[in-house]
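File shown here: run17.cif, holding mmCIF, C-alpha atoms.
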data_model
#
loop_
_atom_site.group_PDB
_atom_site.id
_atom_site.type_symbol
_atom_site.label_atom_id
_atom_site.label_comp_id
_atom_site.auth_asym_id
_atom_site.auth_seq_id
_atom_site.Cartn_x
_atom_site.Cartn_y
_atom_site.Cartn_z
ATOM 1 C CA MET X 16 0.000 0.000 0.000
ATOM 2 C CA THR X 17 1.441 3.399 -0.945
ATOM 3 C CA GLY X 18 1.941 6.195 1.570
ATOM 4 C CA THR X 19 -0.842 8.240 0.014
ATOM 5 C CA LYS X 20 -3.267 5.298 0.018
ATOM 6 C CA THR X 21 -2.432 4.555 3.650
ATOM 7 C CA ALA X 22 -2.991 8.231 4.541
ATOM 8 C CA VAL X 23 -6.330 8.238 2.707
ATOM 9 C CA GLU X 24 -7.489 5.169 4.654
ATOM 10 C CA TRP X 25 -6.331 6.619 7.979
ATOM 11 C CA LEU X 26 -7.879 10.054 7.440
ATOM 12 C CA ALA X 27 -11.128 8.715 5.969
ATOM 13 C CA SER X 28 -11.554 6.313 8.901
ATOM 14 C CA VAL X 29 -12.875 9.178 11.065
ATOM 15 C CA ALA X 30 -15.392 10.439 8.488
ATOM 16 C CA PRO X 31 -19.083 9.813 9.183
ATOM 17 C CA ASP X 32 -19.055 7.685 6.008
ATOM 18 C CA PRO X 33 -15.452 6.572 5.338
ATOM 19 C CA ARG X 34 -16.316 4.846 2.045
ATOM 20 C CA ALA X 35 -18.002 7.981 0.697
ATOM 21 C CA CYS X 36 -15.018 10.077 1.751
ATOM 22 C CA ARG X 37 -12.578 7.764 -0.057
ATOM 23 C CA ARG X 38 -14.795 7.673 -3.163
ATOM 24 C CA GLU X 39 -15.008 11.465 -3.259
ATOM 25 C CA TRP X 40 -11.230 11.841 -2.998
ATOM 26 C CA GLU X 41 -10.724 9.188 -5.704
ATOM 27 C CA ARG X 42 -13.233 10.955 -7.941
ATOM 28 C CA ASP X 43 -11.581 14.358 -7.481
ATOM 29 C CA PRO X 44 -8.101 14.420 -5.877
ATOM 30 C CA ARG X 45 -8.352 18.224 -5.840
ATOM 31 C CA GLY X 46 -11.320 17.951 -3.489
ATOM 32 C CA VAL X 47 -11.427 18.314 0.256
ATOM 33 C CA ALA X 48 -13.195 16.497 3.069
ATOM 34 C CA LEU X 49 -14.672 17.873 6.269
ATOM 35 C CA LEU X 50 -13.368 15.565 9.006
ATOM 36 C CA PRO X 51 -13.823 15.521 12.791
ATOM 37 C CA ALA X 52 -10.768 16.139 14.924
ATOM 38 C CA GLY X 53 -10.400 14.395 18.265
ATOM 39 C CA LYS X 54 -11.004 10.820 17.116
ATOM 40 C CA ALA X 55 -7.732 9.592 15.568
ATOM 41 C CA TRP X 56 -5.888 12.914 15.809
ATOM 42 C CA ASP X 57 -6.019 16.518 16.935
ATOM 43 C CA VAL X 58 -4.431 19.365 14.989
ATOM 44 C CA LEU X 59 -2.135 22.145 16.165
ATOM 45 C CA PHE X 60 -2.142 25.066 13.715
ATOM 46 C CA LEU X 61 1.016 27.166 13.737
ATOM 47 C CA PRO X 62 1.623 30.412 11.855
ATOM 48 C CA GLY X 63 4.259 30.060 9.139
ATOM 49 C CA GLU X 64 6.950 31.943 11.062
ATOM 50 C CA LEU X 65 6.723 29.281 13.778
ATOM 51 C CA GLY X 66 5.491 26.331 11.715
ATOM 52 C CA TYR X 67 8.194 26.216 9.043
ATOM 53 C CA PRO X 68 11.118 26.205 11.528
ATOM 54 C CA THR X 69 9.254 23.590 13.586
ATOM 55 C CA LEU X 70 8.809 21.423 10.498
ATOM 56 C CA ASP X 71 12.499 21.850 9.660
ATOM 57 C CA VAL X 72 13.631 20.753 13.140
ATOM 58 C CA LEU X 73 11.210 17.816 13.308
ATOM 59 C CA SER X 74 12.255 16.565 9.865
ATOM 60 C CA ARG X 75 15.877 16.505 11.033
ATOM 61 C CA VAL X 76 15.393 14.808 14.404
ATOM 62 C CA LEU X 77 12.633 12.295 13.656
ATOM 63 C CA ASP X 78 13.098 9.163 11.590
ATOM 64 C CA GLN X 79 9.609 9.575 10.177
ATOM 65 C CA LEU X 80 7.736 12.856 10.291
ATOM 66 C CA GLY X 81 4.023 12.673 11.014
ATOM 67 C CA PRO X 82 1.276 14.214 8.884
ATOM 68 C CA VAL X 83 1.283 17.971 8.314
ATOM 69 C CA LEU X 84 -1.334 20.129 6.606
ATOM 70 C CA ALA X 85 -0.050 23.207 4.763
ATOM 71 C CA ASP X 86 -2.129 26.285 3.994
ATOM 72 C CA PHE X 87 0.154 28.280 1.734
ATOM 73 C CA GLY X 88 -2.432 31.036 1.262
ATOM 74 C CA ASP X 89 -2.644 31.858 4.969
ATOM 75 C CA GLN X 90 0.927 30.716 5.694
ATOM 76 C CA ARG X 91 -0.089 28.166 8.346
ATOM 77 C CA LEU X 92 0.907 24.589 9.072
ATOM 78 C CA GLY X 93 -1.293 22.067 10.849
ATOM 79 C CA PHE X 94 0.497 19.278 12.691
ATOM 80 C CA LEU X 95 -1.648 16.184 13.272
ATOM 81 C CA VAL X 96 -0.973 15.052 16.833
ATOM 82 C CA PRO X 97 -2.431 12.400 19.170
ATOM 83 C CA PRO X 98 -6.055 12.867 20.268
ATOM 84 C CA GLY X 99 -6.393 14.861 23.468
ATOM 85 C CA THR X 100 -3.396 17.091 22.715
ATOM 86 C CA ALA X 101 -5.571 20.085 21.785
ATOM 87 C CA ALA X 102 -7.277 20.091 25.194
ATOM 88 C CA ARG X 103 -3.919 20.256 26.978
ATOM 89 C CA TRP X 104 -2.108 22.623 24.629
ATOM 90 C CA LEU X 105 -0.987 26.036 25.834
ATOM 91 C CA GLY X 106 0.867 28.212 23.373
ATOM 92 C CA THR X 107 0.729 31.764 22.134
ATOM 93 C CA GLY X 108 -0.232 32.030 18.486
ATOM 94 C CA VAL X 109 -1.065 28.331 18.198
ATOM 95 C CA ARG X 110 -4.643 27.325 17.423
ATOM 96 C CA SER X 111 -5.877 23.824 18.062
ATOM 97 C CA ALA X 112 -8.647 21.539 16.854
ATOM 98 C CA GLY X 113 -9.718 18.657 19.045
ATOM 99 C CA ALA X 114 -12.862 16.807 20.048
ATOM 100 C CA GLY X 115 -15.985 18.572 18.819
ATOM 101 C CA THR X 116 -14.279 20.441 15.979
ATOM 102 C CA TRP X 117 -14.135 19.738 12.260
ATOM 103 C CA ILE X 118 -11.368 20.594 9.816
ATOM 104 C CA VAL X 119 -11.101 20.785 6.045
ATOM 105 C CA VAL X 120 -8.592 18.197 4.799
ATOM 106 C CA PRO X 121 -7.253 18.049 1.225
ATOM 107 C CA TYR X 122 -6.460 14.786 -0.531
ATOM 108 C CA PRO X 123 -3.187 13.487 0.992
ATOM 109 C CA GLY X 124 -0.101 14.372 -0.979
ATOM 110 C CA ARG X 125 -1.727 17.301 -2.730
ATOM 111 C CA THR X 126 0.455 20.373 -2.943
#

Represent the structure from my file as structure tokens, please.
Amino acid sequence: MTGTKTAVEWLASVAPDPRACRREWERDPRGVALLPAGKAWDVLFLPGELGYPTLDVLSRVLDQLGPVLADFGDQRLGFLVPPGTAARWLGTGVRSAGAGTWIVVPYPGRT
């Protein structure tokens, strides 16, 4: 299974209808899905001036970097982290999405 296919399965698993989510992404890889945070992952959103250096450091010190969402228009990065992290996170300039929130997720691997 390719990395993108594995990511699709993992992300779609939290959708209200995982099969429909996968079908929609397969039909239009430019599409997005609205997915609930707090089930398999939370998200920490960092502004670019903090997010890009963080990504650089993590990519150097970790054997395998976890999933990251990039919003190049707003210059933000979203780091997918273990569920429950958002409820415990304290940090200036960092937004979080956890249980009870939904996020827009592009097809994995899309740039």

Please provide as a ChimeraX atom specification all residues within 12 Å of Ala102 of chain X, with the sequence filter that same-chain residues fewer than 5 positions apart are discarded (counting all atoms listed in the file). /X:52-53,56-59,96-97,110-116

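In this model, the gap between atom CA of Thr21 of chain X and atom CA of Asp86 of chain X comes to 21.7 Å.
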
Which is closer to Pro33 of chain X than all the others in X:Ala48, X:Val83, X:Leu61, X:Val120, using only C-alpha atoms? X:Ala48

For Arg37 of chain X, which of X:Tyr122, X:Phe60, X:Phe94, X:Trp117 is the closest residue, counting only C-alpha atoms? X:Tyr122

Counting all atoms listed in the file, I want the residues whose atoms come within 7 Å of (0.6, 11.4, -4.9) in the file frame, returned as a PyMOL selection string. chain X and resi 19+124-125

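The two atoms in question, atom CA of Val119 of chain X and atom CA of Val72 of chain X, are spaced 25.7 Å apart.
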
Students should find that atom CA of Trp104 of chain X and atom CA of Asp32 of chain X are spaced 29.3 Å

Residue nearest Val29 of chain X - candidates X:Ala101, X:Ile118, X:Leu92, X:Val109, atoms counted: only C-alpha atoms: X:Ile118

Of the residues X:Gly99, X:Pro123, X:Pro31, X:Gly106, which is the one nearest to Leu49 of chain X, using all atoms listed in the file? X:Pro31

Around segment 101-111 of chain X, fit a box with edges along x, y and z, padding it by 5 Å on each side, then list its centre and edge lengths in Å to one decimal as lines of an AutoDock Vina configuration file.
center_x = -3.2
center_y = 26.1
center_z = 22.2
size_x = 18.1
size_y = 21.9
size_z = 19.6

May I have the residues within 9 Å of segment 89-91 of chain X as an MDAnalysis selection string, using only C-alpha atoms and disregarding those fewer than 6 positions away in the same chain? chainID X and resid 60:67

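Applied to the file shown here, the PyMOL selection byres ((chain X and resi 41) around 12) selects the residues Thr19, Lys20, Val23, Glu24, Ala27, Arg34, Ala35, Cys36, Arg37, Arg38, Glu39, Trp40, Arg42, Asp43, Pro44, Arg45, Gly46, Val47, Ala48, Pro121, Tyr122 and Pro123 of chain X.
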
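Take the candidates X:Ala85, X:Leu80, X:Leu95, X:Leu70 and check each one against Ala55 of chain X using all atoms listed in the file; the shortest distance goes to X:Leu95.
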